[in-house]
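J.: To start, I am sharing the structure in question, which I have written as structure tokens.
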Amino acid sequence: MPENRSGASAQPSLREALGFWWKLGWISFGGTAAHLAIMQSELVEKRRWIDSDHFFHALSHCMLLPGPEAHQLVIYIGWKLHGKVGGFLAGTLFVLPSTAILLGLSLLYAEYGTVWWVTLLFRALKPIVVALVLRALFQIGRRALESRLQWFAAIGSFLALSALHIPLPWIMGMIVAMGVLLGLLQRLRGIDRSASAQKSVGYAYGAVLWRTIRIVDGCAAIGSLPLLLLGIFGRDFPFWMKLSTFFTQTAFVTIGGSYTVIPYVAQVAVMKFSWLSQPQMLDGFALAETTPGPLIVVVGFVGFMAGFHHFHESILMGAIALLVTIFYTFLPCFMFVFIGALWIAKSRESPLIRSVLKLITAAVVAAILQLTVFLVRGVLLPAGSRSPNLWAAVWIISAFLLIHLNSLNASLTSPIAFHALGGAAMRKQKSPHPAEPRAMGVYHYRWPKGQVIRV
């Protein structure tokens, strides 16, 4: 179907939109790259709820905000379609399925203390995750990279990520600086002096300030409710205060989504607070990787184990701690998006801002490419293996083709079910320990004993 680049877009009913966000929460395996590919295919090309330029413009803004960018993009599109109610419900429905699944897996983990079945399930889903990311790379790359400058920015960002190991937030900062500098040089040289280029982003600063204060106050009031209930009905309130404060702080200080949040949480939760052990943290990665939705949901497992251990292996306290952790991790995302939503929409009128954000989109493509290389290498050449895993190669190719064919019907459930069954054939290969290279990122963290994990 041809891409929607026009300004016209369809306006779905709230019920129709909520049905899609609920479905997206269940089928969005594969991390951020797959989430973006699904939304771009469904919302831009098929349903035409948002045009392509607006989609990538909003994505670039979300990449600059703390927290998971795919979740923030869902909130923004929900806001664009149905206001704050639509944004709140969209963001909630997107993370609800993964939260429910992770809660169930955490309860089983606490009861039986083993994740061999999770490792098997992950091996079954791993090839289709790789296929989803590969398809996301092609889909997003061919639509996002429109100029030579964007190609240059994408290639440079990829080399910086993979060869120089520069963190993604630093690359984003350099991209923004380069875009601003090029935009100012263009103005000084008299380039792009059309009437549209002279538009500036205007604001009624008093109204914006008052709106921001109301949003912050509303989020603060909502955030105080769980603590109020825990203070009245719970026990050991200082623990709940520490838990909620830490994960709220995490949501504020980590830019770059799961790529930066997980190493930070792993370091503090294991080494400073001793909420869980190193093997348990690695098992949490395995659990989170078998669920749909954003990978950052792994913090829920950290919260579960914190409550489980602190209250003397109480399953109930562990479950409550998981929900509290998820709540305080994602609440700031709503606040950031609602504060910046009007600015995101208005900034499309500024050529300078649009040119900068197009370079940010190129950096997003580079991050997806780097993740793709890491994934393919980890699946085809697992740790300790000197020869490629041919079974994995067959499943990746078949998954890619199956997903491509099913995209005509907008269904991902068939390939997922197909590979969940067929992936068991890969069991004859040696199952990796959860500490071996995994599928979701580029950051390394060295534990005290010298082991290296990649998240």
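Each chain in the structure tokens gets a letter, A, B, ..., in the order shown, and its residues are numbered from 1; ligands are numbered from 1 in order too.
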Using only C-alpha atoms, determine which residues lie at most 7 Å from stretch 91-102 of chain A, disregarding the query and same-chain residues fewer than 5 positions distant; provide the list as JSON, numbers by chain.

T.: {"A": [21, 22, 24, 25, 26, 71, 74, 75, 287, 288, 291, 292, 293, 297]}

J.: Please produce a file of the residues just selected, as a PDB file, in the first residue's frame, where the atoms kept are N, CA and C atoms.

T.:
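Everything below was put into result-v7.pdb:
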```
ATOM      1  N   TRP A  21      -4.427  -0.502  20.436  1.00  0.00           N
ATOM      2  CA  TRP A  21      -3.384  -0.412  21.459  1.00  0.00           C
ATOM      3  C   TRP A  21      -3.343  -1.681  22.304  1.00  0.00           C
ATOM      4  N   TRP A  22      -4.487  -2.248  22.585  1.00  0.00           N
ATOM      5  CA  TRP A  22      -4.540  -3.509  23.341  1.00  0.00           C
ATOM      6  C   TRP A  22      -3.899  -4.640  22.538  1.00  0.00           C
ATOM      7  N   LEU A  24      -1.670  -4.280  20.151  1.00  0.00           N
ATOM      8  CA  LEU A  24      -0.248  -3.998  20.031  1.00  0.00           C
ATOM      9  C   LEU A  24       0.512  -4.462  21.270  1.00  0.00           C
ATOM     10  N   GLY A  25      -0.088  -4.312  22.430  1.00  0.00           N
ATOM     11  CA  GLY A  25       0.561  -4.759  23.655  1.00  0.00           C
ATOM     12  C   GLY A  25       0.809  -6.245  23.705  1.00  0.00           C
ATOM     13  N   TRP A  26       0.005  -7.035  22.969  1.00  0.00           N
ATOM     14  CA  TRP A  26       0.154  -8.495  22.981  1.00  0.00           C
ATOM     15  C   TRP A  26       1.072  -9.007  21.877  1.00  0.00           C
ATOM     16  N   HIS A  71       7.114   3.517  23.943  1.00  0.00           N
ATOM     17  CA  HIS A  71       5.980   3.777  24.834  1.00  0.00           C
ATOM     18  C   HIS A  71       5.563   5.240  24.758  1.00  0.00           C
ATOM     19  N   VAL A  74       3.661   5.883  21.569  1.00  0.00           N
ATOM     20  CA  VAL A  74       2.284   5.394  21.702  1.00  0.00           C
ATOM     21  C   VAL A  74       1.435   6.425  22.442  1.00  0.00           C
ATOM     22  N   ILE A  75       1.960   6.976  23.527  1.00  0.00           N
ATOM     23  CA  ILE A  75       1.219   7.986  24.296  1.00  0.00           C
ATOM     24  C   ILE A  75       0.944   9.202  23.429  1.00  0.00           C
ATOM     25  N   LEU A 287      13.409 -13.679  31.531  1.00  0.00           N
ATOM     26  CA  LEU A 287      11.958 -13.573  31.682  1.00  0.00           C
ATOM     27  C   LEU A 287      11.395 -12.434  30.831  1.00  0.00           C
ATOM     28  N   ALA A 288      12.040 -11.263  30.891  1.00  0.00           N
ATOM     29  CA  ALA A 288      11.537 -10.098  30.166  1.00  0.00           C
ATOM     30  C   ALA A 288      11.609 -10.297  28.663  1.00  0.00           C
ATOM     31  N   THR A 291       8.521 -11.769  26.883  1.00  0.00           N
ATOM     32  CA  THR A 291       7.257 -11.041  26.939  1.00  0.00           C
ATOM     33  C   THR A 291       7.199 -10.000  25.825  1.00  0.00           C
ATOM     34  N   PRO A 292       5.989  -9.645  25.382  1.00  0.00           N
ATOM     35  CA  PRO A 292       5.862  -8.526  24.438  1.00  0.00           C
ATOM     36  C   PRO A 292       6.043  -7.204  25.162  1.00  0.00           C
ATOM     37  N   GLY A 293       5.936  -6.122  24.417  1.00  0.00           N
ATOM     38  CA  GLY A 293       6.041  -4.807  25.034  1.00  0.00           C
ATOM     39  C   GLY A 293       7.481  -4.367  25.224  1.00  0.00           C
ATOM     40  N   VAL A 297      10.349  -3.320  30.900  1.00  0.00           N
ATOM     41  CA  VAL A 297       9.451  -3.953  31.864  1.00  0.00           C
ATOM     42  C   VAL A 297      10.221  -4.895  32.779  1.00  0.00           C
TER      43      VAL A 297
END
```

J.: Considering only C-alpha atoms, return as a list in words whatever protein or nucleic-acid residues lie within 10 Å of A:Met281, sequence-local ones (same chain, fewer than 2 positions apart) excluded.

T.: Val265, Ala266, Gln267, Ala269, Val270, Trp275, Leu276, Ser277, Gln278, Pro279, Asp283, Gly284, Phe285, Ala286, Leu287, Val298, Val299, Phe301, Val302, Met305, Pro434 and Ala435 of chain A

J.: My list of candidates is A:Phe338, A:Pro127, A:Ala366, A:Ile171. Which is closest to A:Cys219 when distances are computed with only C-alpha atoms?

T.: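 Among A:Phe338, A:Pro127, A:Ala366, A:Ile171, it is A:Phe338 that comes nearest to A:Cys219.
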
J.: Would you return as a PyMOL selection string the members of stretch 203-337 of chain A that DSSP assigns to helix (DSSP H, G or I) on this structure's backbone?

T.: chain A and resi 205-233+237-253+258-272+278-289+295-310+315-337

J.: Give me the residues within 12 Å of A:Ala367 as number ranges by chain, counting only C-alpha atoms and dropping any in the same chain fewer than 5 places off.

T.: A: 32-33, 63, 133, 136-137, 140-141, 153-162, 165-169, 171-172, 256-257, 259, 360-362, 372-374, 440-443

J.: Neighbours of A:Leu230 within 12 Å (only C-alpha atoms; same-chain residues fewer than 3 positions away dropped), as a VMD selection string?

T.: chain A and resid 224 to 227 233 to 241 243 to 244 317 320 to 321 324
